[in-house]
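Coordinates as given in input.cif (mmCIF, C-alpha atoms (C1' of nucleotides)):
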data_my_file
#
loop_
_atom_site.label_atom_id
_atom_site.label_comp_id
_atom_site.auth_asym_id
_atom_site.auth_seq_id
_atom_site.Cartn_x
_atom_site.Cartn_y
_atom_site.Cartn_z
CA MET A 1 31.17 -151.26 -9.89
CA ASN A 2 34.66 -150.06 -9.28
CA GLN A 3 37.18 -152.27 -10.89
CA GLU A 4 40.25 -152.77 -8.76
CA LYS A 5 42.89 -150.27 -9.65
CA PRO A 6 46.39 -150.34 -8.27
CA LEU A 7 46.88 -147.70 -5.61
CA LEU A 8 48.83 -144.76 -6.93
CA PRO A 9 50.10 -141.75 -5.03
CA LEU A 10 48.39 -138.42 -5.32
CA VAL A 11 49.98 -135.36 -3.78
CA ALA A 12 47.74 -132.65 -2.36
CA ILE A 13 49.28 -129.33 -1.39
CA VAL A 14 46.99 -127.47 0.96
CA GLY A 15 47.37 -124.01 2.42
CA PRO A 16 46.06 -120.49 2.37
CA THR A 17 46.10 -118.25 -0.65
CA ALA A 18 49.49 -116.71 -1.42
CA ALA A 19 51.36 -119.43 0.44
CA GLY A 20 53.12 -120.54 -2.71
CA LYS A 21 51.22 -123.73 -3.49
CA SER A 22 51.53 -123.34 -7.25
CA THR A 23 55.25 -122.73 -7.11
CA LEU A 24 55.84 -125.76 -4.95
CA ALA A 25 53.57 -127.87 -7.12
CA ALA A 26 55.42 -127.08 -10.34
CA TRP A 27 58.75 -127.59 -8.61
CA LEU A 28 57.70 -130.99 -7.28
CA ALA A 29 56.11 -131.98 -10.57
CA GLU A 30 59.41 -131.44 -12.33
CA ARG A 31 61.15 -133.77 -9.94
CA LEU A 32 58.51 -136.43 -9.49
CA GLY A 33 57.18 -136.77 -13.01
CA GLY A 34 53.96 -135.13 -12.06
CA GLU A 35 51.38 -132.76 -13.47
CA VAL A 36 49.54 -130.04 -11.64
CA VAL A 37 45.82 -130.34 -10.95
CA ALA A 38 44.16 -127.23 -9.57
CA CYS A 39 41.67 -127.73 -6.78
CA ASP A 40 40.31 -124.24 -6.68
CA SER A 41 36.80 -123.07 -7.29
CA THR A 42 37.91 -119.84 -8.93
CA GLN A 43 40.65 -120.98 -11.27
CA LEU A 44 38.02 -123.03 -13.04
CA TYR A 45 36.80 -119.88 -14.75
CA ARG A 46 38.21 -118.97 -18.11
CA GLY A 47 39.41 -115.40 -18.38
CA PHE A 48 39.59 -114.80 -14.64
CA ASP A 49 43.33 -115.07 -14.53
CA ILE A 50 45.11 -112.35 -12.61
CA GLY A 51 42.83 -112.16 -9.61
CA THR A 52 42.59 -115.90 -9.13
CA ALA A 53 46.38 -116.12 -9.12
CA LYS A 54 46.46 -118.72 -11.84
CA PRO A 55 50.07 -119.64 -12.47
CA MET A 56 51.21 -117.82 -15.58
CA VAL A 57 52.70 -119.82 -18.40
CA ALA A 58 56.23 -118.92 -17.38
CA GLU A 59 55.54 -120.16 -13.86
CA ARG A 60 54.28 -123.50 -15.09
CA ARG A 61 57.76 -124.59 -16.15
CA GLY A 62 56.32 -126.51 -19.04
CA ILE A 63 54.33 -128.74 -16.71
CA PRO A 64 50.76 -129.43 -17.81
CA HIS A 65 48.16 -127.83 -15.55
CA HIS A 66 44.68 -129.28 -15.32
CA LEU A 67 41.25 -128.13 -14.15
CA ILE A 68 41.89 -124.54 -15.05
CA ASP A 69 39.86 -122.53 -17.57
CA LEU A 70 36.97 -124.93 -17.92
CA LEU A 71 33.95 -122.79 -17.13
CA GLU A 72 32.38 -119.73 -18.69
CA PRO A 73 31.40 -116.87 -16.39
CA GLY A 74 27.75 -117.78 -16.65
CA GLU A 75 28.32 -121.31 -15.39
CA THR A 76 28.31 -122.32 -11.75
CA SER A 77 31.05 -124.34 -10.19
CA THR A 78 30.07 -126.84 -7.51
CA ALA A 79 31.85 -129.37 -5.36
CA GLY A 80 30.11 -132.22 -7.13
CA GLY A 81 30.95 -130.85 -10.53
CA TYR A 82 34.55 -130.44 -9.55
CA ARG A 83 34.67 -134.02 -8.35
CA GLU A 84 33.58 -135.32 -11.72
CA LEU A 85 36.08 -133.21 -13.58
CA ALA A 86 38.83 -134.21 -11.22
CA ILE A 87 38.12 -137.90 -11.49
CA ALA A 88 38.34 -137.64 -15.26
CA ALA A 89 41.62 -135.76 -15.00
CA LEU A 90 43.00 -138.34 -12.60
CA ASP A 91 42.05 -141.18 -14.93
CA ASP A 92 43.97 -139.45 -17.65
CA LEU A 93 47.03 -139.07 -15.46
CA ARG A 94 46.82 -142.69 -14.44
CA ARG A 95 46.88 -143.80 -18.07
CA ARG A 96 49.94 -141.72 -18.69
CA ALA A 97 51.57 -142.73 -15.44
CA ARG A 98 51.98 -139.22 -14.14
CA ILE A 99 51.64 -138.20 -10.52
CA PRO A 100 48.84 -135.72 -9.84
CA ILE A 101 49.88 -132.81 -7.71
CA LEU A 102 46.86 -130.90 -6.47
CA THR A 103 47.08 -127.27 -5.48
CA VAL A 104 44.27 -127.03 -2.98
CA GLY A 105 42.78 -123.68 -2.21
CA THR A 106 39.23 -124.92 -1.89
CA GLY A 107 39.15 -127.37 0.98
CA LEU A 108 35.62 -128.49 0.32
CA TYR A 109 36.51 -129.58 -3.19
CA LEU A 110 39.40 -131.69 -1.97
CA ARG A 111 37.19 -133.33 0.57
CA ALA A 112 34.50 -133.93 -2.01
CA LEU A 113 37.07 -135.56 -4.26
CA LEU A 114 38.81 -137.69 -1.66
CA GLU A 115 35.90 -138.66 0.55
CA GLY A 116 33.03 -138.33 -1.86
CA LEU A 117 29.78 -136.55 -1.33
CA ALA A 118 26.58 -138.00 0.03
CA ASP A 119 24.28 -139.26 -2.64
CA VAL A 120 22.01 -136.24 -2.71
CA PRO A 121 20.11 -134.33 -5.33
CA GLN A 122 21.78 -131.45 -7.07
CA ARG A 123 20.65 -127.94 -6.46
CA SER A 124 17.31 -126.98 -7.90
CA GLU A 125 17.01 -123.32 -8.74
CA GLU A 126 13.24 -123.52 -8.96
CA LEU A 127 12.89 -124.93 -5.47
CA ARG A 128 15.36 -122.40 -4.14
CA ASP A 129 13.42 -119.56 -5.65
CA ARG A 130 10.26 -120.82 -4.05
CA LEU A 131 11.94 -121.18 -0.67
CA ARG A 132 13.30 -117.68 -0.87
CA ALA A 133 9.91 -116.36 -1.83
CA SER A 134 8.17 -117.94 1.13
CA ARG A 135 10.98 -116.80 3.37
CA GLU A 136 10.10 -113.26 2.32
CA ALA A 137 6.52 -113.82 3.32
CA HIS A 138 7.30 -115.05 6.80
CA SER A 139 8.97 -113.79 9.94
CA ALA A 140 12.62 -114.19 10.77
CA GLY A 141 13.71 -117.72 11.45
CA TYR A 142 11.17 -119.18 9.06
CA LEU A 143 13.62 -121.36 7.15
CA HIS A 144 15.04 -122.69 10.35
CA ARG A 145 11.57 -123.65 11.54
CA VAL A 146 10.90 -125.42 8.28
CA LEU A 147 14.07 -127.45 8.66
CA GLN A 148 13.23 -128.06 12.29
CA ARG A 149 10.08 -129.78 11.12
CA LEU A 150 11.77 -131.75 8.34
CA ASP A 151 14.89 -132.72 10.23
CA PRO A 152 15.38 -131.56 13.83
CA GLU A 153 18.84 -133.05 13.98
CA ALA A 154 20.07 -131.08 10.99
CA ALA A 155 18.34 -127.95 12.29
CA ARG A 156 20.39 -128.18 15.46
CA LYS A 157 23.60 -128.06 13.47
CA ILE A 158 22.76 -125.12 11.26
CA ALA A 159 22.49 -121.62 12.67
CA ALA A 160 19.14 -119.92 12.20
CA GLY A 161 20.86 -117.11 10.36
CA ASP A 162 22.67 -119.29 7.87
CA GLU A 163 20.23 -119.05 5.05
CA GLN A 164 22.52 -120.56 2.46
CA LYS A 165 23.00 -123.78 4.36
CA LEU A 166 19.38 -123.89 5.50
CA ILE A 167 18.18 -123.72 1.94
CA ARG A 168 20.46 -126.50 0.82
CA ALA A 169 19.38 -128.66 3.76
CA ILE A 170 15.71 -128.11 3.09
CA GLU A 171 16.25 -128.69 -0.59
CA ILE A 172 17.80 -132.07 0.08
CA CYS A 173 15.10 -133.11 2.51
CA LEU A 174 12.39 -132.16 0.07
CA LEU A 175 13.92 -133.60 -3.07
CA SER A 176 15.18 -136.82 -1.57
CA ARG A 177 12.16 -137.20 0.72
CA ARG A 178 14.52 -138.14 3.54
CA PRO A 179 16.01 -136.14 6.41
CA LEU A 180 19.38 -134.67 5.59
CA SER A 181 20.99 -136.11 8.69
CA GLU A 182 19.94 -139.57 7.61
CA VAL A 183 21.27 -139.00 4.11
CA HIS A 184 24.56 -137.86 5.56
CA ARG A 185 24.90 -141.00 7.61
CA SER A 186 24.76 -143.17 4.55
CA GLU A 187 27.97 -144.24 2.92
CA ARG A 188 29.92 -141.91 0.76
CA ALA A 189 31.98 -143.13 -2.15
CA PRO A 190 35.60 -142.23 -1.48
CA LEU A 191 38.06 -141.86 -4.31
CA GLN A 192 39.22 -145.24 -5.58
CA GLY A 193 42.68 -146.18 -6.64
CA TRP A 194 44.61 -143.28 -5.21
CA HIS A 195 46.57 -142.86 -2.06
CA ALA A 196 46.60 -139.21 -1.06
CA VAL A 197 49.61 -137.71 0.65
CA LYS A 198 49.11 -134.17 1.86
CA ILE A 199 51.58 -131.38 2.32
CA GLY A 200 50.46 -128.24 4.13
CA LEU A 201 52.02 -124.83 3.70
CA ASN A 202 51.68 -122.81 6.84
CA PRO A 203 53.72 -119.63 6.74
CA ALA A 204 53.66 -117.30 9.72
CA ARG A 205 50.55 -115.17 9.69
CA GLU A 206 52.29 -111.82 9.50
CA ALA A 207 54.50 -112.92 6.65
CA LEU A 208 51.48 -114.31 4.81
CA TYR A 209 49.59 -111.07 5.21
CA ALA A 210 52.56 -109.12 3.93
CA ARG A 211 52.61 -111.35 0.85
CA ILE A 212 48.91 -110.93 0.33
CA HIS A 213 49.32 -107.17 0.37
CA ALA A 214 52.24 -107.21 -2.01
CA ARG A 215 50.58 -109.68 -4.33
CA THR A 216 47.45 -107.57 -4.52
CA GLU A 217 49.55 -104.58 -5.54
CA ALA A 218 51.33 -106.65 -8.14
CA MET A 219 48.09 -107.98 -9.56
CA LEU A 220 46.76 -104.47 -9.95
CA GLN A 221 49.97 -103.38 -11.62
CA HIS A 222 49.74 -106.28 -14.01
CA GLY A 223 46.47 -105.11 -15.41
CA TRP A 224 43.86 -106.71 -13.22
CA LEU A 225 41.48 -103.82 -13.71
CA ASP A 226 41.86 -104.11 -17.48
CA GLU A 227 41.13 -107.79 -17.24
CA VAL A 228 37.88 -107.09 -15.45
CA ARG A 229 37.00 -104.38 -17.95
CA ALA A 230 37.64 -106.76 -20.85
CA LEU A 231 35.57 -109.53 -19.27
CA LEU A 232 32.65 -107.17 -18.82
CA ALA A 233 33.06 -105.85 -22.35
CA SER A 234 33.05 -109.37 -23.72
CA GLY A 235 29.46 -109.71 -22.67
CA ALA A 236 29.76 -111.56 -19.39
CA ALA A 237 26.86 -110.69 -17.10
CA GLU A 238 27.88 -108.30 -14.34
CA ASP A 239 26.30 -110.54 -11.75
CA ALA A 240 27.86 -113.74 -13.05
CA LYS A 241 29.29 -115.83 -10.29
CA PRO A 242 32.99 -115.13 -10.78
CA PHE A 243 32.38 -111.40 -10.54
CA GLY A 244 31.52 -112.11 -6.93
CA PHE A 245 35.01 -113.41 -6.19
CA ILE A 246 37.38 -111.40 -4.05
CA GLY A 247 38.78 -108.53 -6.04
CA TYR A 248 36.54 -108.97 -9.04
CA ARG A 249 33.60 -107.57 -7.14
CA GLU A 250 35.62 -104.62 -5.88
CA LEU A 251 37.06 -103.85 -9.30
CA ARG A 252 33.64 -104.12 -10.85
CA SER A 253 32.57 -101.41 -8.39
CA VAL A 254 35.52 -99.30 -9.48
CA LEU A 255 34.47 -99.63 -13.11
CA ARG A 256 30.97 -98.63 -12.19
CA GLY A 257 32.37 -95.56 -10.53
CA GLU A 258 31.15 -96.63 -7.11
CA MET A 259 34.56 -97.03 -5.54
CA LYS A 260 37.99 -95.49 -5.77
CA ILE A 261 40.83 -97.75 -6.76
CA VAL A 262 42.74 -97.12 -3.54
CA ASP A 263 39.75 -98.14 -1.50
CA ALA A 264 39.28 -101.19 -3.67
CA ARG A 265 42.86 -102.19 -3.11
CA ALA A 266 42.49 -101.96 0.64
CA ALA A 267 39.19 -103.86 0.53
CA ILE A 268 40.74 -106.60 -1.57
CA GLN A 269 43.68 -106.97 0.76
CA GLN A 270 41.40 -107.20 3.73
CA ALA A 271 39.02 -109.69 2.13
CA THR A 272 41.97 -111.80 1.09
CA ARG A 273 43.36 -111.80 4.61
CA ARG A 274 40.07 -113.00 5.95
CA TYR A 275 39.83 -115.62 3.27
CA ALA A 276 43.30 -116.91 4.08
CA LYS A 277 42.30 -117.17 7.70
CA ARG A 278 39.24 -119.22 6.87
CA GLN A 279 41.35 -121.51 4.74
CA GLN A 280 43.73 -122.02 7.62
CA THR A 281 40.84 -122.86 9.91
CA TRP A 282 39.60 -125.44 7.44
CA PHE A 283 42.96 -127.01 6.69
CA ARG A 284 43.93 -127.25 10.33
CA ARG A 285 41.40 -130.02 10.65
CA GLU A 286 42.51 -131.83 7.53
CA SER A 287 43.88 -135.22 8.55
CA GLY A 288 47.29 -136.60 7.75
CA VAL A 289 48.89 -133.38 6.58
CA HIS A 290 52.65 -132.98 6.66
CA TRP A 291 52.96 -129.32 7.64
CA CYS A 292 55.76 -127.02 6.51
CA ALA A 293 56.13 -123.69 8.30
CA GLY A 294 56.98 -121.57 5.30
CA PHE A 295 56.22 -120.55 1.74
CA GLY A 296 56.23 -122.89 -1.22
CA ASP A 297 58.94 -120.95 -2.98
CA ASP A 298 61.31 -121.33 -0.05
CA PRO A 299 64.05 -123.78 -1.11
CA ALA A 300 64.15 -125.28 2.35
CA VAL A 301 60.44 -126.00 2.24
CA GLN A 302 60.78 -127.45 -1.24
CA GLN A 303 63.60 -129.78 -0.23
CA GLN A 304 61.79 -130.80 2.91
CA SER A 305 58.63 -131.58 0.98
CA LEU A 306 60.47 -133.60 -1.61
CA ALA A 307 62.35 -135.56 1.02
CA TRP A 308 59.15 -136.30 2.87
CA LEU A 309 57.38 -137.41 -0.30
CA ARG A 310 60.23 -139.73 -1.18
CA GLU A 311 59.90 -141.33 2.24
CA GLN A 312 56.21 -141.79 1.76
CA GLN A 313 56.48 -143.34 -1.64
CA LEU A 314 59.16 -145.75 -0.60
CA ARG A 315 56.69 -147.52 1.61
"C1'" G B 1 40.66 -62.17 20.45
"C1'" G B 2 35.14 -63.57 19.99
"C1'" A B 3 30.80 -67.15 18.69
"C1'" C B 4 29.29 -71.76 18.11
"C1'" G B 5 30.11 -77.22 17.44
"C1'" G B 6 32.94 -81.24 19.14
"C1'" G B 7 36.62 -84.54 22.05
"C1'" U B 8 33.52 -91.96 23.98
"C1'" G B 9 36.81 -98.56 24.10
"C1'" G B 10 41.94 -100.47 17.90
"C1'" G B 11 38.59 -97.36 14.07
"C1'" U B 12 33.75 -95.10 12.76
"C1'" G B 13 30.01 -93.77 16.02
"C1'" A B 14 25.29 -94.12 19.52
"C1'" G B 15 24.40 -92.77 24.26
"C1'" U B 16 22.21 -86.45 28.04
"C1'" G B 17 21.79 -88.78 35.77
"C1'" G B 18 20.99 -95.26 37.77
"C1'" C B 19 18.72 -100.88 33.58
"C1'" U B 20 26.27 -98.76 30.90
"C1'" A B 21 32.34 -102.33 30.60
"C1'" A B 22 29.14 -98.51 27.69
"C1'" A B 23 24.36 -99.71 21.28
"C1'" A B 24 25.60 -100.57 16.29
"C1'" C B 25 29.04 -101.28 12.55
"C1'" C B 26 34.15 -102.24 11.09
"C1'" A B 27 38.75 -104.30 12.22
"C1'" G B 28 40.90 -108.33 15.16
"C1'" C B 29 40.82 -113.42 17.34
"C1'" A B 30 38.68 -118.27 17.56
"C1'" G B 31 35.34 -121.62 15.33
"C1'" A B 32 31.54 -124.25 12.08
"C1'" C B 33 30.74 -125.75 7.32
"C1'" U B 34 28.78 -133.03 2.64
"C1'" G B 35 26.86 -129.68 -4.19
"C1'" U B 36 27.22 -120.93 -3.97
"C1'" A B 37 32.85 -122.62 -0.33
"C1'" A B 38 37.37 -116.43 -2.74
"C1'" A B 39 30.70 -118.48 -0.33
"C1'" U B 40 27.76 -118.68 4.14
"C1'" C B 41 27.35 -118.62 9.24
"C1'" U B 42 28.61 -118.70 14.85
"C1'" G B 43 31.17 -117.13 19.32
"C1'" C B 44 34.65 -113.84 21.71
"C1'" C B 45 36.36 -109.07 21.73
"C1'" G B 46 39.20 -103.24 28.73
"C1'" C B 47 42.44 -105.76 32.55
"C1'" U B 48 42.38 -109.33 36.19
"C1'" C B 49 40.96 -113.33 39.99
"C1'" C B 50 38.52 -117.68 40.97
"C1'" U B 51 34.53 -122.16 43.24
"C1'" U B 52 33.78 -120.29 35.18
"C1'" G B 53 28.93 -117.64 37.49
"C1'" C B 54 22.92 -113.82 34.67
"C1'" G B 55 30.51 -114.52 39.82
"C1'" G B 56 34.36 -111.03 42.38
"C1'" G B 57 37.92 -106.98 41.96
"C1'" C B 58 40.16 -103.03 39.22
"C1'" U B 59 40.43 -99.43 35.30
"C1'" A B 60 37.55 -96.57 31.49
"C1'" C B 61 34.04 -91.88 27.99
"C1'" G B 62 40.36 -85.17 26.62
"C1'" G B 63 42.50 -83.29 31.90
"C1'" A B 64 41.66 -81.48 36.91
"C1'" G B 65 38.15 -80.30 40.38
"C1'" G B 66 32.92 -80.07 41.95
"C1'" U B 67 27.38 -81.26 42.50
"C1'" U B 68 24.79 -86.02 43.66
"C1'" C B 69 23.12 -91.80 47.35
"C1'" G B 70 24.76 -92.39 42.09
"C1'" A B 71 27.97 -88.90 36.35
"C1'" A B 72 30.20 -90.58 29.81
"C1'" U B 73 25.78 -87.84 30.89
"C1'" C B 74 25.01 -81.70 35.27
"C1'" C B 75 28.57 -77.39 36.96
"C1'" U B 76 33.64 -74.86 36.96
"C1'" C B 77 38.39 -74.20 35.06
"C1'" C B 78 42.08 -75.98 31.69
"C1'" C B 79 43.91 -78.55 27.12
"C1'" C B 80 43.01 -80.00 22.10
"C1'" C B 81 40.08 -80.21 17.19
"C1'" G B 82 36.53 -78.11 13.51
"C1'" U B 83 33.53 -74.16 11.51
"C1'" C B 84 32.35 -69.13 11.50
"C1'" C B 85 33.21 -63.82 13.04
"C1'" A B 86 37.22 -60.29 13.89
#
Kindly return the structure encoded in the file as structure tokens.
Amino acid sequence: MNQEKPLLPLVAIVGPTAAGKSTLAAWLAERLGGEVVACDSTQLYRGFDIGTAKPMVAERRGIPHHLIDLLEPGETSTAGGYRELAIAALDDLRRRARIPILTVGTGLYLRALLEGLADVPQRSEELRDRLRASREAHSAGYLHRVLQRLDPEAARKIAAGDEQKLIRAIEICLLSRRPLSEVHRSERAPLQGWHAVKIGLNPAREALYARIHARTEAMLQHGWLDEVRALLASGAAEDAKPFGFIGYRELRSVLRGEMKIVDARAAIQQATRRYAKRQQTWFRRESGVHWCAGFGDDPAVQQQSLAWLREQQLR
RNA sequence: GGACGGGUGGGUGAGUGGCUAAAACCAGCAGACUGUAAAUCUGCCGCUCCUUGCGGGCUACGGAGGUUCGAAUCCUCCCCCGUCCA
């Protein structure tokens, strides 16, 4: 049972990587009595600092930052796991009467937090291994045919080549003994007690790409490669999840001698551009976003955001 | 100067007479995505017109000619690039 909580404002800053979300968040937090809550699947990992663009201490302006550095490399972040952590963090902020300001790089996590997730089983590695094994033993399109049998409606929505989503869909059907599409129709539990106001940073594409390129250079100059080397030396498994993140995978190849640093840099910049594009595609559909056509460190954007937030909270 | 090899759409690179606006991959663009999401996947990708169709027109495989019903593919000359010989 959810006890009735008074509705408090929660600010979510959405936008592509390198748009200046962290800067804007700290700036707003200073003026609104807020604290920053990361909503980013990669910043959750301890030790993965430079490449995930975690705000450095100096950039935090003394504002507490939450949901950063909580997982070890060997752990796996998930949308559901993030939701739990975030709800706990929000409860804490509520008690202390501070406004949460989310820096949202991972759209799925925000949605999971705000709208809730369907009540479905968690991932089961054993089942997944078995599915992958039988996939090996069959012809192409096998997983899609399996889902077709379990849940034709879901099968229509997932491409035959999308193994990752097919496996999750089949997993849910099997574990919950119900079709996924039916599960998804059931009620989700949206976040209680918070009223989300969303600000979107949407700088011009070319300018964003230029920033991405420059930021990648800066990250490398600030010792990103050494960070990766140290993480590997500290005993983290080379195939641990965060080593698959943009940049970490390329630099791991450099350390293995499989790639030259200049090529890695170009690959990182390109992967980041593509990532930013996917984020923009996702956020474009996000409802109720107040969009700002600029970077979060732009004073005009900052003033505009603050003014807009004040309007919202006066209601 | 001579001998080979090669010049294909933004890039790499298949293609040796019709099924080729031209494979594949990359880049790019658009999109999907309810527990891996910095992930995964899908569509488009010469120009243009419309009655948006397995539709029409135009342009295209270094350049110019030629052979052929038909050429990126064959022939001739020219221009570039690479390797080797002088």
Close residues, A:Ala267 itself excluded, 12 Å, only C-alpha atoms (C1' of nucleotides), min 2 positions apart in chain, as a PyMOL selection string | (chain A and resi 213+216+246-251+253-254+259-265+269-274) or (chain B and resi 26-27)
Decode the PyMOL selection byres ((chain A) within 9 of (chain B)) for the given file into explicit residues and return them as a PyMOL selection string.
-> chain A and resi 41-42+52+76-81+106-109+111-112+116-118+120-123+157-165+168+184+241+244-247+271-272+275+281-282
Contacts of A:Leu201 within 7 Å, all atoms listed in the file, excl. fewer than 4 positions in-chain, as a PyMOL selection string | chain A and resi 14-15+19+291-296
In terms of the shortest atom-to-atom distance over all atoms listed in the file, which of A:Lys277, A:His144, A:Pro73, A:Cys173 is closest to A:Glu206?
->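 Smallest separation from A:Glu206 among the options: A:Lys277.
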Applied to the shown file, which residues does the PyMOL selection byres ((chain A and resi 151-156) around 9) return, written as a ChimeraX atom specification?
-> /A:144-150,157-160,166,169-170,173,178-182
For each of A:Trp194, A:Phe243, A:Tyr82, A:Trp27, take the minimum atom-to-atom distance to A:His66, counting all atoms listed in the file, then give the residue where this is smallest.
->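 Using all atoms listed in the file, the shortest distance to A:His66 belongs to A:Tyr82.
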Determine the residue membership of the PyMOL selection byres ((chain B and resi 45) around 12) for the file above and supply it as number ranges by chain.
-> B: 9-10, 21, 27-30, 43-44, 46
Extract, using all atoms listed in the file, all DNA, RNA and protein residues at most 12 Å from B:A14, discarding same-chain residues fewer than 5 positions from it, and format them as a ChimeraX atom specification.
-> /B:8,22-25,72
Calculate how many Å separate atom CA of A:Arg130 from atom CA of A:Ala236, rounding to one decimal.
-> 26.5 Å
Neighbour list for B:U68 as a ChimeraX atom specification, cut-off 12 Å, only C-alpha atoms (C1' of nucleotides), skip fewer than 6 positions in-chain | /B:17-18,74-75
So how many Å separate atom CA of A:Gln304 and atom CA of A:Ala25, to one decimal?
->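 Computing it gives 13.3 Å between the two atoms.
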Pick the closest to A:Pro9 from A:Gln192, A:Gln43, A:Ser305, A:Thr103: which is it, counting only C-alpha atoms?
->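 Among A:Gln192, A:Gln43, A:Ser305, A:Thr103, it is A:Gln192 that comes nearest to A:Pro9.
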Between atom CA of A:Gly105 and atom CA of A:Ala18 lies a distance of 9.7 Å
